[in-house]
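File shown: run.txt. Contents: compact mmCIF, C-alpha atoms.
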```txt
# COMPACT_ATOMS: atom_id res chain seq x y z
CA MET A 1 0.00 0.00 0.00
CA GLY A 2 2.90 2.33 0.73
CA ILE A 3 4.23 1.85 -2.81
CA LEU A 4 0.80 2.66 -4.24
CA LEU A 5 0.56 5.87 -2.22
CA LEU A 6 4.06 6.82 -3.30
CA GLN A 7 3.18 6.26 -6.97
CA ILE A 8 0.04 8.37 -6.56
CA LYS A 9 2.08 11.14 -4.94
CA VAL A 10 4.61 11.08 -7.77
CA MET A 11 1.86 11.24 -10.41
CA LEU A 12 0.08 14.10 -8.66
CA GLN A 13 3.33 16.08 -8.56
CA LYS A 14 3.90 15.83 -12.30
CA LYS A 15 3.25 18.99 -14.30
CA GLU A 16 0.66 17.24 -16.49
CA ALA A 17 -1.52 16.29 -13.52
CA ALA A 18 -1.09 19.75 -12.00
CA PHE A 19 -2.12 21.34 -15.30
CA CYS A 20 -5.29 19.21 -15.50
CA TYR A 21 -6.20 19.98 -11.88
CA PHE A 22 -5.69 23.73 -12.21
CA PHE A 23 -7.49 23.72 -15.57
CA MET A 24 -10.52 22.15 -13.88
CA LEU A 25 -10.30 24.59 -10.95
CA THR A 26 -9.98 27.57 -13.27
CA MET A 27 -13.06 26.61 -15.26
CA ILE A 28 -14.96 25.87 -12.06
CA LEU A 29 -14.06 29.17 -10.37
CA ILE A 30 -14.80 31.34 -13.41
CA HIS A 31 -18.22 29.74 -13.73
CA PHE A 32 -18.80 29.94 -9.97
CA PHE A 33 -18.10 33.69 -9.76
CA GLN A 34 -20.27 34.28 -12.81
CA ASN A 35 -23.14 32.65 -10.91
CA ILE A 36 -22.33 34.64 -7.77
CA PHE A 37 -22.67 37.94 -9.65
CA LYS A 38 -25.62 36.73 -11.72
CA PHE A 39 -27.78 35.62 -8.78
CA ALA A 40 -26.69 38.21 -6.20
CA GLY A 41 -29.84 39.60 -4.55
CA THR A 42 -32.16 37.12 -6.27
CA ASP A 43 -35.21 36.13 -4.23
CA ILE A 44 -35.05 32.55 -2.98
CA SER A 45 -38.33 31.72 -4.72
CA ARG A 46 -36.62 32.40 -8.06
CA MET A 47 -33.39 30.58 -7.28
CA TYR A 48 -32.36 27.29 -8.83
CA GLN A 49 -31.33 24.19 -6.95
CA PRO A 50 -27.67 24.96 -6.05
CA LEU A 51 -26.08 21.83 -7.50
CA LYS A 52 -27.77 22.44 -10.85
CA LEU A 53 -25.73 25.62 -11.18
CA ARG A 54 -22.49 23.67 -11.42
CA MET A 55 -20.19 23.72 -14.42
CA LEU A 56 -21.20 20.35 -15.85
CA TYR A 57 -24.89 21.11 -16.05
CA GLU A 58 -25.96 20.69 -19.69
CA ASP A 59 -25.80 23.67 -22.07
CA ASN A 60 -23.02 25.36 -20.11
CA VAL A 61 -20.12 26.78 -22.14
CA PHE A 62 -17.46 25.96 -19.53
CA GLY A 63 -18.76 22.42 -19.14
CA TYR A 64 -18.77 22.11 -22.92
CA TYR A 65 -15.05 22.93 -23.10
CA VAL A 66 -14.24 20.43 -20.34
CA ILE A 67 -16.20 17.64 -22.00
CA GLU A 68 -14.74 18.34 -25.44
CA LEU A 69 -11.18 18.39 -24.04
CA LEU A 70 -11.74 15.36 -21.82
CA PRO A 71 -10.18 12.83 -24.29
CA VAL A 72 -6.96 14.85 -24.01
CA LEU A 73 -7.14 15.59 -20.29
CA VAL A 74 -7.62 11.98 -19.15
CA VAL A 75 -4.50 10.93 -21.05
CA LEU A 76 -2.50 13.94 -19.94
CA VAL A 77 -3.18 13.47 -16.23
CA SER A 78 -1.34 10.14 -15.86
CA GLY A 79 -1.08 8.39 -19.22
CA PHE A 80 2.57 9.37 -19.73
CA SER A 81 3.71 8.16 -16.31
CA TYR A 82 5.16 4.85 -17.50
CA LEU A 83 6.88 6.44 -20.50
CA ASP A 84 8.46 8.98 -18.15
CA ASP A 85 9.75 6.14 -15.98
CA ARG A 86 11.19 4.39 -19.01
CA LYS A 87 12.91 7.56 -20.15
CA SER A 88 14.49 8.24 -16.75
CA GLY A 89 15.27 4.60 -15.98
CA GLU A 90 13.10 4.71 -12.87
CA ASP A 91 11.19 1.62 -13.99
CA ILE A 92 14.38 -0.45 -13.64
CA PHE A 93 14.81 0.84 -10.07
CA TRP A 94 11.26 -0.09 -9.09
CA ILE A 95 11.32 -3.51 -10.76
CA ALA A 96 14.60 -4.32 -8.99
CA ARG A 97 13.19 -3.11 -5.67
CA ILE A 98 9.67 -4.53 -5.54
CA GLY A 99 9.45 -6.79 -8.61
CA GLY A 100 7.84 -6.25 -11.98
CA LYS A 101 4.42 -7.59 -11.01
CA LYS A 102 3.94 -5.14 -8.14
CA TYR A 103 5.44 -2.26 -10.08
CA PHE A 104 3.13 -2.56 -13.10
CA PHE A 105 -0.01 -3.18 -11.07
CA PHE A 106 0.72 -0.37 -8.63
CA LYS A 107 1.47 1.94 -11.54
CA TYR A 108 -1.82 0.94 -13.17
CA ALA A 109 -3.81 1.39 -9.94
CA ALA A 110 -2.09 4.71 -9.19
CA SER A 111 -3.11 6.03 -12.61
CA PHE A 112 -6.75 5.25 -11.83
CA VAL A 113 -6.66 6.86 -8.38
CA THR A 114 -4.75 9.92 -9.59
CA SER A 115 -7.36 10.61 -12.24
CA LEU A 116 -10.13 10.07 -9.69
CA ILE A 117 -8.52 12.64 -7.38
CA VAL A 118 -7.84 15.22 -10.09
CA PHE A 119 -11.26 15.14 -11.72
CA GLY A 120 -13.55 13.86 -9.00
CA GLY A 121 -11.78 15.88 -6.30
CA SER A 122 -12.04 19.17 -8.17
CA LEU A 123 -15.74 18.59 -8.84
CA LEU A 124 -16.37 17.74 -5.18
CA MET A 125 -14.70 21.02 -4.25
CA GLU A 126 -17.05 22.78 -6.65
CA THR A 127 -20.02 21.02 -5.04
CA PHE A 128 -19.10 22.24 -1.57
CA LEU A 129 -18.65 25.79 -2.91
CA TYR A 130 -22.23 25.79 -4.15
CA LEU A 131 -23.57 24.18 -0.99
CA LEU A 132 -21.94 26.90 1.09
CA SER A 133 -22.81 29.82 -1.17
CA PHE A 134 -26.41 29.24 -2.30
CA PRO A 135 -29.60 28.52 -0.33
CA LEU A 136 -30.18 24.79 0.05
CA SER A 137 -33.94 25.26 0.15
CA SER A 138 -34.03 26.43 -3.47
CA VAL A 139 -35.74 23.91 -5.76
CA GLY A 140 -35.98 25.72 -9.10
CA ASP A 141 -34.69 24.17 -12.30
CA PRO A 142 -32.51 26.03 -14.86
CA SER A 143 -34.85 24.77 -17.60
CA ASN A 144 -37.57 26.90 -15.93
CA ILE A 145 -39.94 23.93 -16.05
CA THR A 146 -41.88 23.65 -12.79
CA ARG A 147 -42.41 20.49 -10.78
CA PHE A 148 -46.12 20.67 -11.60
CA ASP A 149 -45.41 20.04 -15.27
CA GLU A 150 -45.38 16.43 -16.52
CA VAL A 151 -42.47 17.27 -18.81
CA TYR A 152 -40.32 17.96 -15.73
CA TRP A 153 -40.81 14.44 -14.37
CA GLU A 154 -40.26 12.95 -17.80
CA LEU A 155 -36.89 14.69 -17.99
CA ILE A 156 -36.00 13.62 -14.44
CA SER A 157 -36.72 10.01 -15.39
CA ARG A 158 -33.83 10.20 -17.88
CA TYR A 159 -31.30 10.80 -15.12
CA PHE A 160 -29.28 7.86 -13.88
CA PHE A 161 -31.08 6.55 -10.77
CA PRO A 162 -33.83 9.21 -10.77
CA ASP A 163 -35.31 7.89 -7.49
CA ILE A 164 -32.09 8.80 -5.69
CA TYR A 165 -32.21 12.29 -7.17
CA ILE A 166 -35.86 12.78 -6.14
CA ASN A 167 -35.37 11.56 -2.56
CA HIS A 168 -31.77 12.66 -1.93
CA PRO A 169 -30.83 15.41 -4.44
CA TYR A 170 -27.64 16.46 -2.66
CA LEU A 171 -26.42 12.91 -2.21
CA TYR A 172 -27.09 12.45 -5.92
CA GLY A 173 -25.06 15.58 -6.67
CA VAL A 174 -22.06 14.22 -4.77
CA GLY A 175 -22.47 10.86 -6.49
CA CYS A 176 -22.23 12.58 -9.89
CA CYS A 177 -18.76 13.87 -8.97
CA VAL A 178 -17.59 10.43 -7.85
CA ALA A 179 -19.01 8.79 -10.99
CA PHE A 180 -17.27 11.35 -13.20
CA GLY A 181 -13.97 10.67 -11.45
CA LEU A 182 -14.38 6.89 -11.73
CA MET A 183 -15.07 7.08 -15.47
CA CYS A 184 -12.05 9.33 -15.96
CA GLY A 185 -10.00 6.87 -13.92
CA VAL A 186 -10.92 4.00 -16.25
CA LEU A 187 -9.94 6.07 -19.29
CA SER A 188 -6.66 7.25 -17.75
CA SER A 189 -5.59 3.78 -16.66
CA PHE A 190 -6.55 2.50 -20.12
CA SER A 191 -4.20 5.00 -21.74
CA LEU A 192 -1.44 4.00 -19.31
CA ALA A 193 -1.95 0.33 -20.19
CA ILE A 194 -1.69 1.22 -23.88
CA SER A 195 1.64 2.93 -23.17
CA MET A 196 2.89 -0.27 -21.51
CA SER A 197 2.06 -2.29 -24.61
CA GLY A 198 4.72 -0.50 -26.64
CA ILE A 199 2.34 0.04 -29.56
CA PHE A 200 3.11 3.75 -29.72
CA ARG A 201 6.70 4.94 -29.66
CA PHE A 202 5.85 8.65 -29.61
CA ARG A 203 4.06 10.27 -26.68
CA ILE A 204 1.73 12.34 -28.82
CA LEU A 205 0.29 9.20 -30.44
CA LEU A 206 -0.89 8.04 -27.02
CA PHE A 207 -3.76 10.53 -27.28
CA LEU A 208 -5.22 8.65 -30.25
CA PRO A 209 -6.82 5.54 -28.66
CA VAL A 210 -8.95 7.38 -26.08
CA TYR A 211 -9.74 10.21 -28.49
CA LEU A 212 -10.88 7.83 -31.24
CA ILE A 213 -12.89 5.64 -28.87
CA LEU A 214 -14.76 8.55 -27.30
CA THR A 215 -15.30 10.28 -30.64
CA MET A 216 -16.69 7.10 -32.18
CA THR A 217 -19.32 6.83 -29.42
CA TYR A 218 -21.24 9.51 -31.33
CA TYR A 219 -21.84 7.03 -34.15
CA PHE A 220 -22.63 3.93 -32.07
CA LYS A 221 -26.33 4.78 -31.82
CA ASP A 222 -26.93 4.88 -35.59
CA PHE A 223 -24.50 2.09 -36.43
CA LEU A 224 -26.02 -0.34 -33.90
CA LYS A 225 -29.56 1.06 -34.35
CA LEU A 226 -30.02 1.69 -30.62
CA ASP A 227 -32.93 3.53 -29.03
CA PHE A 228 -30.71 5.54 -26.67
CA ASP A 229 -27.86 8.01 -27.15
CA THR A 230 -24.29 6.76 -26.97
CA TYR A 231 -22.27 9.99 -27.28
CA TYR A 232 -19.90 10.05 -24.30
CA GLY A 233 -20.68 13.67 -23.41
CA TYR A 234 -24.23 12.80 -22.40
CA TYR A 235 -22.87 10.36 -19.81
CA PHE A 236 -20.38 12.82 -18.31
CA TYR A 237 -22.73 15.80 -17.95
CA PHE A 238 -24.57 16.14 -14.65
CA TYR A 239 -28.37 15.94 -14.93
CA ASP A 240 -28.30 15.30 -18.66
CA THR A 241 -31.76 14.56 -20.09
CA ALA A 242 -30.75 12.66 -23.25
CA PRO A 243 -32.00 9.05 -23.40
CA LYS A 244 -29.21 6.92 -21.89
CA ASN A 245 -28.56 3.34 -20.83
CA ILE A 246 -26.68 2.59 -17.61
CA PHE A 247 -25.98 -1.01 -18.63
CA ALA A 248 -24.39 0.12 -21.91
CA LEU A 249 -22.16 2.50 -19.93
CA ILE A 250 -21.10 -0.22 -17.51
CA LEU A 251 -20.41 -2.61 -20.40
CA PHE A 252 -18.34 0.05 -22.17
CA LEU A 253 -16.25 0.73 -19.06
CA MET A 254 -15.84 -2.98 -18.33
CA VAL A 255 -14.55 -3.63 -21.86
CA LEU A 256 -11.94 -0.87 -21.44
CA PHE A 257 -10.99 -2.24 -18.02
CA VAL A 258 -10.60 -5.80 -19.31
CA ILE A 259 -8.50 -4.66 -22.27
CA SER A 260 -6.23 -2.54 -20.08
CA PHE A 261 -5.93 -5.27 -17.45
CA CYS A 262 -4.93 -7.79 -20.13
CA LEU A 263 -2.33 -5.39 -21.50
CA VAL A 264 -0.82 -4.98 -18.03
CA CYS A 265 -0.76 -8.76 -17.51
CA LYS A 266 0.89 -9.22 -20.90
CA LYS A 267 3.54 -6.67 -19.96
CA ILE A 268 4.22 -8.50 -16.70
CA ASN A 269 4.60 -11.86 -18.45
CA LYS A 270 6.91 -10.39 -21.09
CA ASP A 271 9.14 -8.32 -18.83
CA VAL A 272 9.28 -10.47 -15.74
CA PHE A 273 8.63 -14.15 -16.28
CA GLU A 274 10.68 -14.43 -19.43
CA LYS A 275 13.79 -13.05 -17.77
```

Would you encode the structure as structure tokens?
Amino acid sequence: MGILLLQIKVMLQKKEAAFCYFFMLTMILIHFFQNIFKFAGTDISRMYQPLKLRMLYEDNVFGYYVIELLPVLVVLVSGFSYLDDRKSGEDIFWIARIGGKKYFFFKYAASFVTSLIVFGGSLLMETFLYLLSFPLSSVGDPSNITRFDEVYWELISRYFFPDIYINHPYLYGVGCCVAFGLMCGVLSSFSLAISMSGIFRFRILLFLPVYLILTMTYYFKDFLKLDFDTYYGYYFYFYDTAPKNIFALILFLMVLFVISFCLVCKKINKDVFEK
């Protein structure tokens, strides 16, 4: 466990992870202060539910930039960690010290946790900002559709786990941050596993797999003739009302996890057991 924490610390201290974290914080804070000035003095009866003012609410320009840049950010945050170790020779040190099996698995796990901290942690910080700054009794919706309208409940039914949102809206809001971080963690660790495979010799090419996979999700719906949307952005936005499928999301993430896990195991067998 100590080696894992050390790997996480090293990844968090890299300039790429710091850039991603401060990029998220910058977007969050700009949007937050815009809301502060916009709703200053607004009567509570006209206020929106605080957590629906966050950056990743649909149709928000700052959230749009984050989602569009996400295929780059998830690779940047920890995807180059193994290549950096290879370049500096640090991988040889760790393999000699703790063995190849522990090194590769701890590196893989650290990539996942680092991404979870960078993305999920920054969004949790945003959540607490809104909880502290806006009245918790506000129940309005940015769509300006009231709770007495059937359309409102139809849109709510398209959320993931709508019953949780209805009964525990703030718990649901925190869960959105954790889910976002977990999904980013899967993508980041996938890119790290790709780097271990040796398929790409140049760092810049490491952006391609995640970028192509996420971009192609836009076409899955028409190609597979599905009755729900598959574009990745709809699954990363908070409170998105596009038709979605939780089982398709879990299957997608599990496929990426299995592929990355197999690549790590292949690397272990090649670099350790053959020596």

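CA of Tyr211 (chain A) lies 21.0 Å from CA of Asp84 (chain A).
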
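Residue nearest Met24 (chain A), chosen from A:Leu249, A:Val75, A:Ile44, A:Leu69 and counting all atoms listed in the file: A:Leu69.
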
Legend entry - Residue with smallest distance to Tyr237 (chain A) - pool A:Arg147, A:Arg203, A:His31, A:Lys52, counting all atoms listed in the file: A:Lys52

Legend entry - For Leu208 (chain A), the nearest of the candidates A:Phe62, A:Phe128, A:Phe190, A:Phe119, counting all atoms listed in the file: A:Phe190

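For the pair CA of Leu73 (chain A) and CA of Leu187 (chain A), the interatomic distance is 10.0 Å.
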
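Between Pro243 (chain A) and the candidates A:Leu155, A:Leu123, A:Ile145, A:Leu214, the tightest atom-to-atom separation, counting all atoms listed in the file, involves A:Leu155.
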
Inset, instruction - Might you pull out every residue within 12 Å of Arg54 (chain A), with all atoms listed in the file counted and same-chain residues fewer than 3 positions away left off, and present them as a count of residues only? - result: 41

Inset, instruction - Choose the residue, out of A:Gly100, A:Tyr21, A:Glu90, A:Lys107, that has the smallest atom-to-atom separation from Val74 (chain A); count all atoms listed in the file. - result: A:Tyr21

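Computed from the coordinates, the CA of Lys9 (chain A) to CA of Phe236 (chain A) distance equals 26.2 Å.
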
Legend entry - Residue with smallest distance to Phe112 (chain A) - pool A:Ile268, A:Met183, A:Ala18, A:Ala40, counting all atoms listed in the file: A:Met183

Legend entry - Residues near Ile246 (chain A), cut-off 10 Å, all atoms listed in the file, skip fewer than 3 positions along chain, as a PyMOL selection string: chain A and resi 159-161+235+249-252

Quick one: everything within 12 Å of Phe104 (chain A), counting all atoms listed in the file, minus sequence neighbours fewer than 2 positions away in the same chain. Send it as a compact mmCIF listing (two decimals) with C-alpha atoms, keeping the file's coordinate frame.
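As a result, part.txt now contains:
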```
# COMPACT_ATOMS: atom_id res chain seq x y z
CA ILE A 3 4.23 1.85 -2.81
CA LEU A 4 0.80 2.66 -4.24
CA GLN A 7 3.18 6.26 -6.97
CA SER A 81 3.71 8.16 -16.31
CA TYR A 82 5.16 4.85 -17.50
CA ASP A 85 9.75 6.14 -15.98
CA ASP A 91 11.19 1.62 -13.99
CA ILE A 92 14.38 -0.45 -13.64
CA TRP A 94 11.26 -0.09 -9.09
CA ILE A 95 11.32 -3.51 -10.76
CA ILE A 98 9.67 -4.53 -5.54
CA GLY A 99 9.45 -6.79 -8.61
CA GLY A 100 7.84 -6.25 -11.98
CA LYS A 101 4.42 -7.59 -11.01
CA LYS A 102 3.94 -5.14 -8.14
CA PHE A 106 0.72 -0.37 -8.63
CA LYS A 107 1.47 1.94 -11.54
CA TYR A 108 -1.82 0.94 -13.17
CA ALA A 109 -3.81 1.39 -9.94
CA ALA A 110 -2.09 4.71 -9.19
CA SER A 111 -3.11 6.03 -12.61
CA SER A 189 -5.59 3.78 -16.66
CA LEU A 192 -1.44 4.00 -19.31
CA ALA A 193 -1.95 0.33 -20.19
CA SER A 195 1.64 2.93 -23.17
CA MET A 196 2.89 -0.27 -21.51
CA SER A 197 2.06 -2.29 -24.61
CA SER A 260 -6.23 -2.54 -20.08
CA PHE A 261 -5.93 -5.27 -17.45
CA CYS A 262 -4.93 -7.79 -20.13
CA LEU A 263 -2.33 -5.39 -21.50
CA VAL A 264 -0.82 -4.98 -18.03
CA CYS A 265 -0.76 -8.76 -17.51
CA LYS A 266 0.89 -9.22 -20.90
CA LYS A 267 3.54 -6.67 -19.96
CA ILE A 268 4.22 -8.50 -16.70
CA ASN A 269 4.60 -11.86 -18.45
CA LYS A 270 6.91 -10.39 -21.09
CA ASP A 271 9.14 -8.32 -18.83
CA VAL A 272 9.28 -10.47 -15.74
```

So that all listed atoms of region 44-54 of chain A fit with 4 Å spare on each side, what axis-aligned box centre and edge lengths in Å, to one decimal, would you give as JSON?
```
{"center_x": -30.4, "center_y": 27.2, "center_z": -7.2, "size_x": 23.8, "size_y": 18.7, "size_z": 16.4}
```

Legend entry - Contacts of Ala248 (chain A) at 12 Å (all atoms listed in the file; same-chain gap of 3+ positions) as number ranges by chain: A: 217, 220-221, 226-232, 235, 243-245, 251-255

Since the input is missing atoms for region 65-92 of chain A, could you rebuild it with N, CA and C atoms and give the result as a PDB file, in the frame of the given file?
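The resulting file, result-v2.pdb, is reproduced below:
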```
ATOM      1  N   TYR A  65     -16.485  22.985 -22.836  1.00  0.00           N
ATOM      2  CA  TYR A  65     -15.050  22.930 -23.100  1.00  0.00           C
ATOM      3  C   TYR A  65     -14.393  21.769 -22.366  1.00  0.00           C
ATOM      4  N   VAL A  66     -14.812  21.538 -21.118  1.00  0.00           N
ATOM      5  CA  VAL A  66     -14.240  20.430 -20.340  1.00  0.00           C
ATOM      6  C   VAL A  66     -14.560  19.098 -20.986  1.00  0.00           C
ATOM      7  N   ILE A  67     -15.804  18.903 -21.393  1.00  0.00           N
ATOM      8  CA  ILE A  67     -16.200  17.640 -22.000  1.00  0.00           C
ATOM      9  C   ILE A  67     -15.495  17.421 -23.337  1.00  0.00           C
ATOM     10  N   GLU A  68     -15.388  18.472 -24.135  1.00  0.00           N
ATOM     11  CA  GLU A  68     -14.740  18.340 -25.440  1.00  0.00           C
ATOM     12  C   GLU A  68     -13.236  18.062 -25.297  1.00  0.00           C
ATOM     13  N   LEU A  69     -12.613  18.598 -24.262  1.00  0.00           N
ATOM     14  CA  LEU A  69     -11.180  18.390 -24.040  1.00  0.00           C
ATOM     15  C   LEU A  69     -10.887  17.156 -23.198  1.00  0.00           C
ATOM     16  N   LEU A  70     -11.932  16.500 -22.715  1.00  0.00           N
ATOM     17  CA  LEU A  70     -11.740  15.360 -21.820  1.00  0.00           C
ATOM     18  C   LEU A  70     -10.887  14.245 -22.418  1.00  0.00           C
ATOM     19  N   PRO A  71     -11.043  13.888 -23.716  1.00  0.00           N
ATOM     20  CA  PRO A  71     -10.180  12.830 -24.290  1.00  0.00           C
ATOM     21  C   PRO A  71      -8.693  13.153 -24.185  1.00  0.00           C
ATOM     22  N   VAL A  72      -8.356  14.436 -24.162  1.00  0.00           N
ATOM     23  CA  VAL A  72      -6.960  14.850 -24.010  1.00  0.00           C
ATOM     24  C   VAL A  72      -6.570  14.885 -22.534  1.00  0.00           C
ATOM     25  N   LEU A  73      -7.449  15.414 -21.707  1.00  0.00           N
ATOM     26  CA  LEU A  73      -7.140  15.590 -20.290  1.00  0.00           C
ATOM     27  C   LEU A  73      -6.918  14.267 -19.572  1.00  0.00           C
ATOM     28  N   VAL A  74      -7.746  13.252 -19.861  1.00  0.00           N
ATOM     29  CA  VAL A  74      -7.620  11.980 -19.150  1.00  0.00           C
ATOM     30  C   VAL A  74      -6.317  11.258 -19.487  1.00  0.00           C
ATOM     31  N   VAL A  75      -5.794  11.506 -20.678  1.00  0.00           N
ATOM     32  CA  VAL A  75      -4.500  10.930 -21.050  1.00  0.00           C
ATOM     33  C   VAL A  75      -3.381  11.752 -20.423  1.00  0.00           C
ATOM     34  N   LEU A  76      -3.541  13.045 -20.431  1.00  0.00           N
ATOM     35  CA  LEU A  76      -2.500  13.940 -19.940  1.00  0.00           C
ATOM     36  C   LEU A  76      -2.254  13.766 -18.447  1.00  0.00           C
ATOM     37  N   VAL A  77      -3.304  13.475 -17.684  1.00  0.00           N
ATOM     38  CA  VAL A  77      -3.180  13.470 -16.230  1.00  0.00           C
ATOM     39  C   VAL A  77      -2.243  12.375 -15.718  1.00  0.00           C
ATOM     40  N   SER A  78      -2.221  11.204 -16.349  1.00  0.00           N
ATOM     41  CA  SER A  78      -1.340  10.140 -15.860  1.00  0.00           C
ATOM     42  C   SER A  78      -0.918   9.151 -16.935  1.00  0.00           C
ATOM     43  N   GLY A  79      -1.361   9.351 -18.162  1.00  0.00           N
ATOM     44  CA  GLY A  79      -1.080   8.390 -19.220  1.00  0.00           C
ATOM     45  C   GLY A  79       0.383   8.289 -19.605  1.00  0.00           C
ATOM     46  N   PHE A  80       1.160   9.366 -19.348  1.00  0.00           N
ATOM     47  CA  PHE A  80       2.570   9.370 -19.730  1.00  0.00           C
ATOM     48  C   PHE A  80       3.483   8.887 -18.607  1.00  0.00           C
ATOM     49  N   SER A  81       2.904   8.483 -17.492  1.00  0.00           N
ATOM     50  CA  SER A  81       3.710   8.160 -16.310  1.00  0.00           C
ATOM     51  C   SER A  81       4.712   7.033 -16.574  1.00  0.00           C
ATOM     52  N   TYR A  82       4.256   5.973 -17.230  1.00  0.00           N
ATOM     53  CA  TYR A  82       5.160   4.850 -17.500  1.00  0.00           C
ATOM     54  C   TYR A  82       6.250   5.240 -18.490  1.00  0.00           C
ATOM     55  N   LEU A  83       5.886   5.998 -19.518  1.00  0.00           N
ATOM     56  CA  LEU A  83       6.880   6.440 -20.500  1.00  0.00           C
ATOM     57  C   LEU A  83       7.928   7.335 -19.847  1.00  0.00           C
ATOM     58  N   ASP A  84       7.509   8.146 -18.886  1.00  0.00           N
ATOM     59  CA  ASP A  84       8.460   8.980 -18.150  1.00  0.00           C
ATOM     60  C   ASP A  84       9.423   8.113 -17.342  1.00  0.00           C
ATOM     61  N   ASP A  85       8.893   7.056 -16.741  1.00  0.00           N
ATOM     62  CA  ASP A  85       9.750   6.140 -15.980  1.00  0.00           C
ATOM     63  C   ASP A  85      10.751   5.436 -16.884  1.00  0.00           C
ATOM     64  N   ARG A  86      10.291   5.039 -18.064  1.00  0.00           N
ATOM     65  CA  ARG A  86      11.190   4.390 -19.010  1.00  0.00           C
ATOM     66  C   ARG A  86      12.309   5.334 -19.460  1.00  0.00           C
ATOM     67  N   LYS A  87      11.933   6.581 -19.674  1.00  0.00           N
ATOM     68  CA  LYS A  87      12.910   7.560 -20.150  1.00  0.00           C
ATOM     69  C   LYS A  87      13.965   7.852 -19.085  1.00  0.00           C
ATOM     70  N   SER A  88      13.561   7.920 -17.828  1.00  0.00           N
ATOM     71  CA  SER A  88      14.490   8.240 -16.750  1.00  0.00           C
ATOM     72  C   SER A  88      15.196   7.011 -16.175  1.00  0.00           C
ATOM     73  N   GLY A  89      14.704   5.822 -16.535  1.00  0.00           N
ATOM     74  CA  GLY A  89      15.270   4.600 -15.980  1.00  0.00           C
ATOM     75  C   GLY A  89      14.703   4.236 -14.624  1.00  0.00           C
ATOM     76  N   GLU A  90      13.676   4.974 -14.181  1.00  0.00           N
ATOM     77  CA  GLU A  90      13.100   4.710 -12.870  1.00  0.00           C
ATOM     78  C   GLU A  90      12.365   3.381 -12.822  1.00  0.00           C
ATOM     79  N   ASP A  91      11.873   2.908 -13.966  1.00  0.00           N
ATOM     80  CA  ASP A  91      11.190   1.620 -13.990  1.00  0.00           C
ATOM     81  C   ASP A  91      12.130   0.488 -13.588  1.00  0.00           C
ATOM     82  N   ILE A  92      13.394   0.573 -13.998  1.00  0.00           N
ATOM     83  CA  ILE A  92      14.380  -0.450 -13.640  1.00  0.00           C
ATOM     84  C   ILE A  92      14.585  -0.469 -12.124  1.00  0.00           C
TER      85      ILE A  92
END
```
